[in-house]
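Peer 1: Provided herewith: run12.cif, mmCIF, C-alpha atoms.
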```
data_query
#
loop_
_atom_site.group_PDB
_atom_site.id
_atom_site.type_symbol
_atom_site.label_atom_id
_atom_site.label_comp_id
_atom_site.auth_asym_id
_atom_site.auth_seq_id
_atom_site.Cartn_x
_atom_site.Cartn_y
_atom_site.Cartn_z
ATOM 1 C CA MET S 360 -67.854 -27.526 2.152
ATOM 2 C CA ILE S 361 -67.832 -26.400 -1.501
ATOM 3 C CA GLU S 362 -67.142 -29.371 -3.771
ATOM 4 C CA THR S 363 -67.918 -27.959 -7.221
ATOM 5 C CA GLN S 364 -64.795 -27.298 -9.273
ATOM 6 C CA THR S 365 -64.153 -24.650 -11.939
ATOM 7 C CA THR S 366 -63.955 -27.358 -14.605
ATOM 8 C CA GLU S 367 -67.453 -28.504 -13.688
ATOM 9 C CA LEU S 368 -68.752 -24.956 -13.951
ATOM 10 C CA LEU S 369 -67.197 -24.611 -17.393
ATOM 11 C CA ALA S 370 -68.648 -27.969 -18.413
ATOM 12 C CA VAL S 371 -72.139 -26.815 -17.470
ATOM 13 C CA LEU S 372 -71.691 -23.476 -19.253
ATOM 14 C CA TYR S 373 -70.287 -24.975 -22.451
ATOM 15 C CA LEU S 374 -72.988 -27.638 -22.536
ATOM 16 C CA SER S 375 -75.712 -25.009 -22.112
ATOM 17 C CA GLU S 376 -74.172 -22.870 -24.868
ATOM 18 C CA THR S 377 -73.599 -25.646 -27.403
ATOM 19 C CA ALA S 378 -76.459 -28.052 -26.501
ATOM 20 C CA SER S 379 -74.038 -30.793 -27.543
ATOM 21 C CA PHE S 380 -71.831 -33.094 -25.465
ATOM 22 C CA THR S 381 -69.459 -33.463 -28.407
ATOM 23 C CA ARG S 382 -68.945 -29.742 -28.997
ATOM 24 C CA ALA S 383 -68.792 -28.890 -25.288
ATOM 25 C CA ALA S 384 -66.274 -31.672 -24.664
ATOM 26 C CA ALA S 385 -64.070 -30.416 -27.496
ATOM 27 C CA ARG S 386 -63.900 -26.967 -25.903
ATOM 28 C CA LEU S 387 -62.782 -28.581 -22.631
ATOM 29 C CA GLY S 388 -60.318 -30.978 -24.240
ATOM 30 C CA LEU S 389 -62.338 -34.010 -23.097
ATOM 31 C CA THR S 390 -64.191 -36.828 -24.771
ATOM 32 C CA ALA S 391 -67.969 -36.671 -24.931
ATOM 33 C CA SER S 392 -68.125 -39.729 -22.684
ATOM 34 C CA ALA S 393 -65.898 -38.104 -20.046
ATOM 35 C CA LEU S 394 -68.008 -34.955 -20.104
ATOM 36 C CA SER S 395 -71.223 -36.948 -19.759
ATOM 37 C CA LYS S 396 -69.831 -38.765 -16.723
ATOM 38 C CA ALA S 397 -68.701 -35.474 -15.171
ATOM 39 C CA ILE S 398 -72.193 -34.003 -15.559
ATOM 40 C CA ASP S 399 -73.703 -37.190 -14.123
ATOM 41 C CA ARG S 400 -71.450 -36.944 -11.044
ATOM 42 C CA LEU S 401 -72.325 -33.290 -10.557
ATOM 43 C CA GLU S 402 -76.060 -33.975 -10.848
ATOM 44 C CA LYS S 403 -75.806 -36.852 -8.401
ATOM 45 C CA ARG S 404 -73.961 -34.679 -5.903
ATOM 46 C CA LEU S 405 -76.489 -31.836 -6.290
ATOM 47 C CA GLY S 406 -79.439 -34.181 -6.111
ATOM 48 C CA CYS S 407 -81.187 -32.823 -9.223
ATOM 49 C CA ARG S 408 -81.055 -32.973 -12.996
ATOM 50 C CA LEU S 409 -79.356 -30.014 -14.673
ATOM 51 C CA PHE S 410 -80.023 -31.137 -18.232
ATOM 52 C CA ALA S 411 -82.747 -33.092 -20.003
ATOM 53 C CA ARG S 412 -81.117 -35.315 -22.636
ATOM 54 C CA SER S 413 -82.557 -36.913 -25.723
ATOM 55 C CA THR S 414 -81.050 -38.315 -28.899
ATOM 56 C CA ARG S 415 -81.700 -34.987 -30.594
ATOM 57 C CA ARG S 416 -80.879 -32.291 -28.070
ATOM 58 C CA VAL S 417 -79.676 -31.301 -24.613
ATOM 59 C CA VAL S 418 -81.805 -28.739 -22.762
ATOM 60 C CA ALA S 419 -81.268 -27.204 -19.327
ATOM 61 C CA THR S 420 -83.931 -27.963 -16.727
ATOM 62 C CA ALA S 421 -85.355 -25.258 -14.450
ATOM 63 C CA GLU S 422 -82.802 -26.240 -11.796
ATOM 64 C CA GLY S 423 -80.148 -26.235 -14.487
ATOM 65 C CA GLU S 424 -81.001 -22.680 -15.566
ATOM 66 C CA ARG S 425 -80.560 -21.437 -12.008
ATOM 67 C CA PHE S 426 -77.247 -23.278 -11.619
ATOM 68 C CA ILE S 427 -76.070 -21.948 -15.001
ATOM 69 C CA ALA S 428 -76.786 -18.367 -13.926
ATOM 70 C CA HIS S 429 -74.649 -18.816 -10.810
ATOM 71 C CA ALA S 430 -71.925 -20.624 -12.748
ATOM 72 C CA ARG S 431 -71.730 -17.877 -15.370
ATOM 73 C CA ARG S 432 -71.369 -15.204 -12.717
ATOM 74 C CA ILE S 433 -68.681 -17.139 -10.842
ATOM 75 C CA VAL S 434 -66.646 -17.794 -13.980
ATOM 76 C CA ASP S 435 -66.920 -14.142 -15.036
ATOM 77 C CA ASP S 436 -65.830 -12.988 -11.596
ATOM 78 C CA LEU S 437 -62.831 -15.318 -11.659
ATOM 79 C CA ALA S 438 -61.848 -14.098 -15.116
ATOM 80 C CA SER S 439 -62.105 -10.464 -13.986
ATOM 81 C CA ALA S 440 -60.073 -11.152 -10.843
ATOM 82 C CA GLU S 441 -57.310 -12.871 -12.830
ATOM 83 C CA ALA S 442 -57.191 -10.063 -15.385
ATOM 84 C CA GLU S 443 -56.983 -7.394 -12.689
ATOM 85 C CA LEU S 444 -54.097 -9.159 -10.962
ATOM 86 C CA ARG S 445 -52.255 -9.811 -14.226
ATOM 87 C CA HIS S 446 -52.459 -6.190 -15.262
ATOM 88 C CA GLY S 447 -51.789 -4.850 -11.787
ATOM 89 C CA ARG S 448 -54.760 -2.492 -11.954
ATOM 90 C CA ASN S 449 -58.518 -2.492 -11.652
ATOM 91 C CA ILE S 450 -59.850 -2.741 -15.209
ATOM 92 C CA ALA S 451 -63.553 -2.763 -15.985
ATOM 93 C CA GLN S 452 -64.096 -5.908 -18.024
ATOM 94 C CA GLY S 453 -66.180 -9.039 -18.237
ATOM 95 C CA THR S 454 -69.927 -9.529 -18.622
ATOM 96 C CA LEU S 455 -72.335 -7.313 -16.700
ATOM 97 C CA ARG S 456 -75.881 -8.671 -16.494
ATOM 98 C CA ILE S 457 -78.592 -6.068 -15.966
ATOM 99 C CA THR S 458 -82.349 -6.303 -15.456
ATOM 100 C CA VAL S 459 -84.539 -3.253 -16.062
ATOM 101 C CA GLY S 460 -88.215 -2.487 -16.701
ATOM 102 C CA THR S 461 -89.427 -1.813 -20.231
ATOM 103 C CA ALA S 462 -90.335 1.871 -19.869
ATOM 104 C CA PHE S 463 -87.108 3.125 -18.308
ATOM 105 C CA GLY S 464 -85.052 0.543 -20.175
ATOM 106 C CA ASN S 465 -86.304 1.372 -23.665
ATOM 107 C CA GLN S 466 -86.744 5.116 -23.227
ATOM 108 C CA GLN S 467 -83.744 6.006 -21.070
ATOM 109 C CA LEU S 468 -81.162 3.283 -20.426
ATOM 110 C CA LEU S 469 -80.758 1.765 -23.894
ATOM 111 C CA PRO S 470 -80.168 5.098 -25.668
ATOM 112 C CA ALA S 471 -77.460 5.915 -23.093
ATOM 113 C CA LEU S 472 -75.582 2.611 -23.258
ATOM 114 C CA PRO S 473 -73.543 3.306 -26.433
ATOM 115 C CA ARG S 474 -71.663 5.950 -24.421
ATOM 116 C CA PHE S 475 -70.922 3.427 -21.659
ATOM 117 C CA MET S 476 -69.703 0.869 -24.200
ATOM 118 C CA ALA S 477 -67.401 3.448 -25.775
ATOM 119 C CA MET S 478 -66.003 4.322 -22.343
ATOM 120 C CA TYR S 479 -65.484 0.675 -21.286
ATOM 121 C CA PRO S 480 -64.755 -1.409 -24.398
ATOM 122 C CA GLN S 481 -63.820 -4.508 -22.373
ATOM 123 C CA VAL S 482 -67.216 -4.763 -20.669
ATOM 124 C CA ARG S 483 -69.896 -6.935 -22.274
ATOM 125 C CA LEU S 484 -73.514 -6.122 -21.458
ATOM 126 C CA ALA S 485 -76.327 -8.662 -21.210
ATOM 127 C CA LEU S 486 -79.682 -6.972 -20.618
ATOM 128 C CA SER S 487 -83.098 -8.284 -19.675
ATOM 129 C CA VAL S 488 -85.659 -5.577 -20.504
ATOM 130 C CA SER S 489 -88.892 -6.808 -18.993
ATOM 131 C CA ASP S 490 -91.615 -5.807 -16.564
ATOM 132 C CA HIS S 491 -91.463 -9.280 -15.022
ATOM 133 C CA LEU S 492 -89.732 -8.888 -11.663
ATOM 134 C CA VAL S 493 -86.843 -11.300 -11.191
ATOM 135 C CA ASP S 494 -84.772 -12.418 -8.216
ATOM 136 C CA ILE S 495 -81.649 -10.418 -9.031
ATOM 137 C CA ALA S 496 -79.175 -12.559 -7.089
ATOM 138 C CA ALA S 497 -80.756 -15.975 -7.667
ATOM 139 C CA ASP S 498 -81.242 -15.379 -11.399
ATOM 140 C CA GLY S 499 -77.619 -14.392 -11.921
ATOM 141 C CA PHE S 500 -77.925 -10.648 -12.492
ATOM 142 C CA ASP S 501 -75.201 -8.271 -11.394
ATOM 143 C CA LEU S 502 -77.456 -5.251 -11.215
ATOM 144 C CA GLY S 503 -81.124 -4.308 -11.367
ATOM 145 C CA LEU S 504 -82.730 -0.935 -12.013
ATOM 146 C CA ARG S 505 -86.104 -0.410 -10.344
ATOM 147 C CA LEU S 506 -88.456 2.519 -10.855
ATOM 148 C CA GLY S 507 -90.994 2.998 -8.075
ATOM 149 C CA PRO S 508 -91.406 1.812 -4.493
ATOM 150 C CA LEU S 509 -89.326 -1.212 -3.552
ATOM 151 C CA GLY S 510 -90.550 -4.373 -1.917
ATOM 152 C CA PRO S 511 -88.345 -6.305 0.531
ATOM 153 C CA VAL S 512 -84.679 -6.118 -0.538
ATOM 154 C CA ASP S 513 -82.967 -7.460 2.576
ATOM 155 C CA ASP S 514 -80.490 -9.522 0.542
ATOM 156 C CA LEU S 515 -79.507 -6.696 -1.824
ATOM 157 C CA VAL S 516 -77.705 -3.369 -1.670
ATOM 158 C CA ALA S 517 -80.077 -0.544 -2.672
ATOM 159 C CA ARG S 518 -78.518 2.647 -4.054
ATOM 160 C CA PRO S 519 -80.893 5.550 -4.849
ATOM 161 C CA ILE S 520 -80.062 7.303 -8.117
ATOM 162 C CA ALA S 521 -82.818 9.832 -8.748
ATOM 163 C CA SER S 522 -86.443 10.808 -8.181
ATOM 164 C CA LEU S 523 -88.385 11.112 -11.430
ATOM 165 C CA PRO S 524 -91.507 13.333 -11.449
ATOM 166 C CA ARG S 525 -94.904 12.212 -12.712
ATOM 167 C CA LYS S 526 -97.650 14.048 -14.577
ATOM 168 C CA VAL S 527 -101.356 13.488 -15.267
ATOM 169 C CA CYS S 528 -102.112 13.587 -18.992
ATOM 170 C CA ALA S 529 -104.632 12.736 -21.668
ATOM 171 C CA ALA S 530 -104.841 12.897 -25.450
ATOM 172 C CA PRO S 531 -106.655 15.899 -27.015
ATOM 173 C CA ALA S 532 -109.097 13.477 -28.656
ATOM 174 C CA TYR S 533 -110.087 12.072 -25.271
ATOM 175 C CA LEU S 534 -110.571 15.546 -23.760
ATOM 176 C CA GLN S 535 -112.697 16.623 -26.708
ATOM 177 C CA GLN S 536 -114.970 13.611 -26.271
ATOM 178 C CA TYR S 537 -115.237 13.442 -22.479
ATOM 179 C CA GLY S 538 -114.403 16.952 -21.362
ATOM 180 C CA TRP S 539 -111.493 18.562 -19.538
ATOM 181 C CA PRO S 540 -111.433 17.782 -15.764
ATOM 182 C CA GLN S 541 -111.537 21.046 -13.833
ATOM 183 C CA HIS S 542 -110.903 19.496 -10.398
ATOM 184 C CA PRO S 543 -109.340 16.201 -9.151
ATOM 185 C CA SER S 544 -112.730 15.089 -7.818
ATOM 186 C CA GLU S 545 -114.027 14.965 -11.399
ATOM 187 C CA LEU S 546 -111.711 12.056 -12.211
ATOM 188 C CA ALA S 547 -114.318 9.723 -10.730
ATOM 189 C CA ARG S 548 -116.434 10.138 -13.872
ATOM 190 C CA HIS S 549 -113.531 9.792 -16.302
ATOM 191 C CA GLN S 550 -111.774 6.839 -17.909
ATOM 192 C CA CYS S 551 -108.508 6.469 -15.999
ATOM 193 C CA LEU S 552 -105.784 3.974 -16.880
ATOM 194 C CA VAL S 553 -103.282 2.427 -14.465
ATOM 195 C CA VAL S 554 -100.376 -0.011 -14.375
ATOM 196 C CA ALA S 555 -101.561 -3.356 -13.011
ATOM 197 C CA ASP S 556 -100.329 -4.846 -9.734
ATOM 198 C CA VAL S 557 -98.705 -1.635 -8.478
ATOM 199 C CA GLU S 558 -99.573 -0.550 -4.948
ATOM 200 C CA GLN S 559 -101.845 2.528 -4.841
ATOM 201 C CA ALA S 560 -101.751 2.786 -8.645
ATOM 202 C CA ASP S 561 -105.442 3.799 -8.608
ATOM 203 C CA GLN S 562 -105.037 6.386 -5.837
ATOM 204 C CA TRP S 563 -103.700 9.595 -7.359
ATOM 205 C CA PRO S 564 -102.367 12.313 -5.009
ATOM 206 C CA PHE S 565 -103.315 15.980 -5.401
ATOM 207 C CA MET S 566 -103.002 19.091 -3.271
ATOM 208 C CA VAL S 567 -106.592 20.141 -2.529
ATOM 209 C CA ASP S 568 -107.333 23.151 -0.306
ATOM 210 C CA GLY S 569 -103.823 23.090 1.096
ATOM 211 C CA ARG S 570 -103.766 19.424 2.046
ATOM 212 C CA LEU S 571 -102.724 16.220 0.340
ATOM 213 C CA GLU S 572 -105.591 14.063 -0.851
ATOM 214 C CA ARG S 573 -105.550 10.746 -2.682
ATOM 215 C CA VAL S 574 -108.278 10.474 -5.267
ATOM 216 C CA ASP S 575 -109.606 7.003 -6.012
ATOM 217 C CA VAL S 576 -109.760 6.918 -9.808
ATOM 218 C CA SER S 577 -111.469 3.486 -9.912
ATOM 219 C CA ALA S 578 -109.641 2.574 -13.101
ATOM 220 C CA ARG S 579 -111.628 0.446 -15.549
ATOM 221 C CA LEU S 580 -108.536 -0.557 -17.500
ATOM 222 C CA SER S 581 -105.138 -1.698 -16.252
ATOM 223 C CA VAL S 582 -102.139 -3.109 -18.087
ATOM 224 C CA ASP S 583 -98.837 -4.538 -16.855
ATOM 225 C CA SER S 584 -96.611 -2.289 -18.964
ATOM 226 C CA ALA S 585 -96.077 1.469 -18.661
ATOM 227 C CA GLU S 586 -95.326 1.704 -22.375
ATOM 228 C CA SER S 587 -98.592 -0.075 -23.202
ATOM 229 C CA LEU S 588 -100.399 2.357 -20.925
ATOM 230 C CA LEU S 589 -98.889 5.246 -22.865
ATOM 231 C CA SER S 590 -100.056 3.697 -26.155
ATOM 232 C CA LEU S 591 -103.603 3.473 -24.804
ATOM 233 C CA ALA S 592 -103.546 7.103 -23.699
ATOM 234 C CA LEU S 593 -102.227 8.227 -27.099
ATOM 235 C CA ALA S 594 -105.115 6.341 -28.703
ATOM 236 C CA GLY S 595 -107.567 8.346 -26.604
ATOM 237 C CA ALA S 596 -108.536 5.540 -24.224
ATOM 238 C CA GLY S 597 -108.223 7.589 -21.056
ATOM 239 C CA ILE S 598 -106.203 9.620 -18.566
ATOM 240 C CA ILE S 599 -102.848 8.411 -17.253
ATOM 241 C CA ARG S 600 -100.405 9.362 -14.504
ATOM 242 C CA GLN S 601 -96.895 8.437 -15.546
ATOM 243 C CA SER S 602 -93.243 9.441 -15.256
ATOM 244 C CA ALA S 603 -92.460 12.645 -17.107
ATOM 245 C CA PHE S 604 -89.560 11.074 -19.042
ATOM 246 C CA LEU S 605 -92.033 8.697 -20.698
ATOM 247 C CA LEU S 606 -94.587 11.423 -21.444
ATOM 248 C CA GLU S 607 -92.308 14.256 -22.521
ATOM 249 C CA PRO S 608 -92.028 13.500 -26.275
ATOM 250 C CA ALA S 609 -95.817 13.278 -26.611
ATOM 251 C CA LEU S 610 -96.308 16.420 -24.499
ATOM 252 C CA GLN S 611 -93.872 18.383 -26.644
ATOM 253 C CA ASP S 612 -95.579 17.517 -29.936
ATOM 254 C CA GLY S 613 -99.116 17.862 -28.607
ATOM 255 C CA ARG S 614 -100.167 14.214 -28.697
ATOM 256 C CA LEU S 615 -100.760 14.473 -24.938
ATOM 257 C CA VAL S 616 -101.830 17.396 -22.755
ATOM 258 C CA GLU S 617 -101.047 17.786 -19.060
ATOM 259 C CA ILE S 618 -104.153 18.335 -16.938
ATOM 260 C CA LEU S 619 -104.977 19.334 -13.342
ATOM 261 C CA GLN S 620 -101.683 21.254 -13.028
ATOM 262 C CA PRO S 621 -102.880 23.621 -10.226
ATOM 263 C CA TRP S 622 -103.319 20.584 -7.957
ATOM 264 C CA ARG S 623 -100.093 18.790 -8.880
ATOM 265 C CA VAL S 624 -97.891 17.557 -6.020
ATOM 266 C CA ASP S 625 -94.320 16.318 -5.883
ATOM 267 C CA ASP S 626 -95.215 12.780 -6.889
ATOM 268 C CA SER S 627 -91.784 11.561 -7.933
ATOM 269 C CA MET S 628 -90.899 7.928 -8.557
ATOM 270 C CA PRO S 629 -87.603 6.755 -7.008
ATOM 271 C CA LEU S 630 -85.047 5.232 -9.371
ATOM 272 C CA THR S 631 -82.940 2.688 -7.462
ATOM 273 C CA VAL S 632 -80.030 0.440 -8.385
ATOM 274 C CA LEU S 633 -79.982 -2.956 -6.669
ATOM 275 C CA TYR S 634 -77.080 -5.384 -6.573
ATOM 276 C CA PRO S 635 -75.924 -8.335 -4.456
ATOM 277 C CA PRO S 636 -73.689 -7.387 -1.513
ATOM 278 C CA GLY S 637 -69.931 -7.796 -1.698
ATOM 279 C CA ARG S 638 -69.606 -6.731 -5.345
ATOM 280 C CA GLN S 639 -69.189 -2.992 -5.028
ATOM 281 C CA HIS S 640 -65.439 -3.368 -5.563
ATOM 282 C CA GLN S 641 -65.817 -5.077 -8.940
ATOM 283 C CA ALA S 642 -64.515 -2.695 -11.568
ATOM 284 C CA LYS S 643 -67.281 -3.451 -14.074
ATOM 285 C CA LEU S 644 -70.024 -2.848 -11.496
ATOM 286 C CA THR S 645 -68.366 0.299 -10.160
ATOM 287 C CA ALA S 646 -68.085 1.631 -13.705
ATOM 288 C CA MET S 647 -71.792 1.095 -14.357
ATOM 289 C CA LEU S 648 -72.836 2.568 -10.996
ATOM 290 C CA ASP S 649 -70.776 5.695 -11.680
ATOM 291 C CA PHE S 650 -72.195 5.926 -15.197
ATOM 292 C CA LEU S 651 -75.798 5.617 -14.016
ATOM 293 C CA GLN S 652 -75.245 8.258 -11.336
ATOM 294 C CA ALA S 653 -73.618 10.653 -13.807
ATOM 295 C CA THR S 654 -76.281 10.058 -16.473
ATOM 296 C CA PHE S 655 -79.494 9.913 -14.467
ATOM 297 C CA GLY S 656 -78.581 11.169 -11.006
ATOM 298 C CA GLN S 657 -79.618 14.558 -9.752
ATOM 299 C CA PRO S 658 -77.140 17.152 -8.501
ATOM 300 C CA ALA S 659 -76.813 17.375 -4.734
#
```
Mind turning the file's structure into structure tokens?

Peer 2:
Amino acid sequence: MIETQTTELLAVLYLSETASFTRAAARLGLTASALSKAIDRLEKRLGCRLFARSTRRVVATAEGERFIAHARRIVDDLASAEAELRHGRNIAQGTLRITVGTAFGNQQLLPALPRFMAMYPQVRLALSVSDHLVDIAADGFDLGLRLGPLGPVDDLVARPIASLPRKVCAAPAYLQQYGWPQHPSELARHQCLVVADVEQADQWPFMVDGRLERVDVSARLSVDSAESLLSLALAGAGIIRQSAFLLEPALQDGRLVEILQPWRVDDSMPLTVLYPPGRQHQAKLTAMLDFLQATFGQPA
């Protein structure tokens, strides 16, 4: 049985936002003492501390942060539901929380978002642009964008958006110093750079003599950010294999050169939207899904 009330959710949210029992209580129309007792009752019922208190400040605990993420989503959903019923139509509004990796986020999604915000002025966006993978549902996100192969996503809806091609490139300075590879097998004697902790990141596929072969590049340098990898390549540190959208500006102005083109295969990276089940009818989520498909999706 669910015992937590909306007032308790608001109390937790206001306390996390203000870090003050006095200010949070004022927003709820309560006394600071009444709010403190309400939080105490909630913590006792949950069996954990949501906030660490001192004479100087109030800070959410790790358990508190997780509860706050759920509370924020629930309150937003209730506000959206009430607004839709009041207006008699499905209006995209409320806060939409999105998690996305740095490369696609900075290079593709962020530049496109002003158009979304102009189209849906009642939607607020809260983005986490990071290469640290999060638990989308547990951490309170409405939507996640993932570039590359997916791990287990049994508790999420996965919607493919596009397949983004990759290219093998190096800076002219690197090629002048170490030579231009004339065949994929020559990569073994070159400095190759890869993204850390990505499955098969150091096995690059090529079409050799009519068959697909994966070349072990035995990378000496790895980094956990695609954008950092690009910076290293631009500095002449080695050869990279990355999504074309990330490489294209440097390819166009000559800072990078594509290599081994005769052996290139369709090595596209899937772009997938993930979201918790049961939310596809939310107007704000539907609006973003349609926008992402229209902006990044490929024609059928």

Peer 1: Determine the residue membership of the PyMOL selection byres ((chain S and resi 464-468) around 12) for the file above and supply it as number ranges by chain.

Peer 2: S: 457-463, 469-475, 486-490, 503-506, 523, 584-586, 602-608, 630, 647, 650-652, 654-655

Peer 1: So which residues get picked by the PyMOL selection byres ((chain S and resi 564) around 12) here, written as a PyMOL selection string?

Peer 2: chain S and resi 525-527+543-544+546+559-563+565-567+570-576+600+619+622-627

Peer 1: Fewer than 5 positions away in the same chain doesn't count, so skip those; otherwise give me all residues within 10 Å of Ala485 of chain S, counting only C-alpha atoms, as a PyMOL selection string.

Peer 2: chain S and resi 454-458+500-501

Peer 1: Calculate, to one decimal in Å, the centre and edge lengths of the box along x, y and z of the file that holds all listed atoms of segment 548-563 of chain S with 3 Å of margin on each side, and present them as lines of an AutoDock Vina configuration file.

Peer 2:
```
center_x = -107.6
center_y = 2.6
center_z = -11.4
size_x = 23.7
size_y = 21.0
size_z = 19.1
```

Peer 1: Return as a PyMOL selection string the set of residues that the PyMOL selection byres ((chain S and resi 482) around 10) yields on the displayed structure.

Peer 2: chain S and resi 450-455+475-481+483-485+642-644+646-647

Peer 1: With all atoms listed in the file as the basis for distance, which of S:Ile495, S:Val434, S:Gln611, S:Phe426 is at the shortest distance from Leu633 of chain S?

Peer 2: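 Among S:Ile495, S:Val434, S:Gln611, S:Phe426, it is S:Ile495 that comes nearest to Leu633 of chain S.
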
Peer 1: To one decimal place, how far is atom CA of Ile598 of chain S from atom CA of Ala547 of chain S in Å?

Peer 2: 11.3 Å
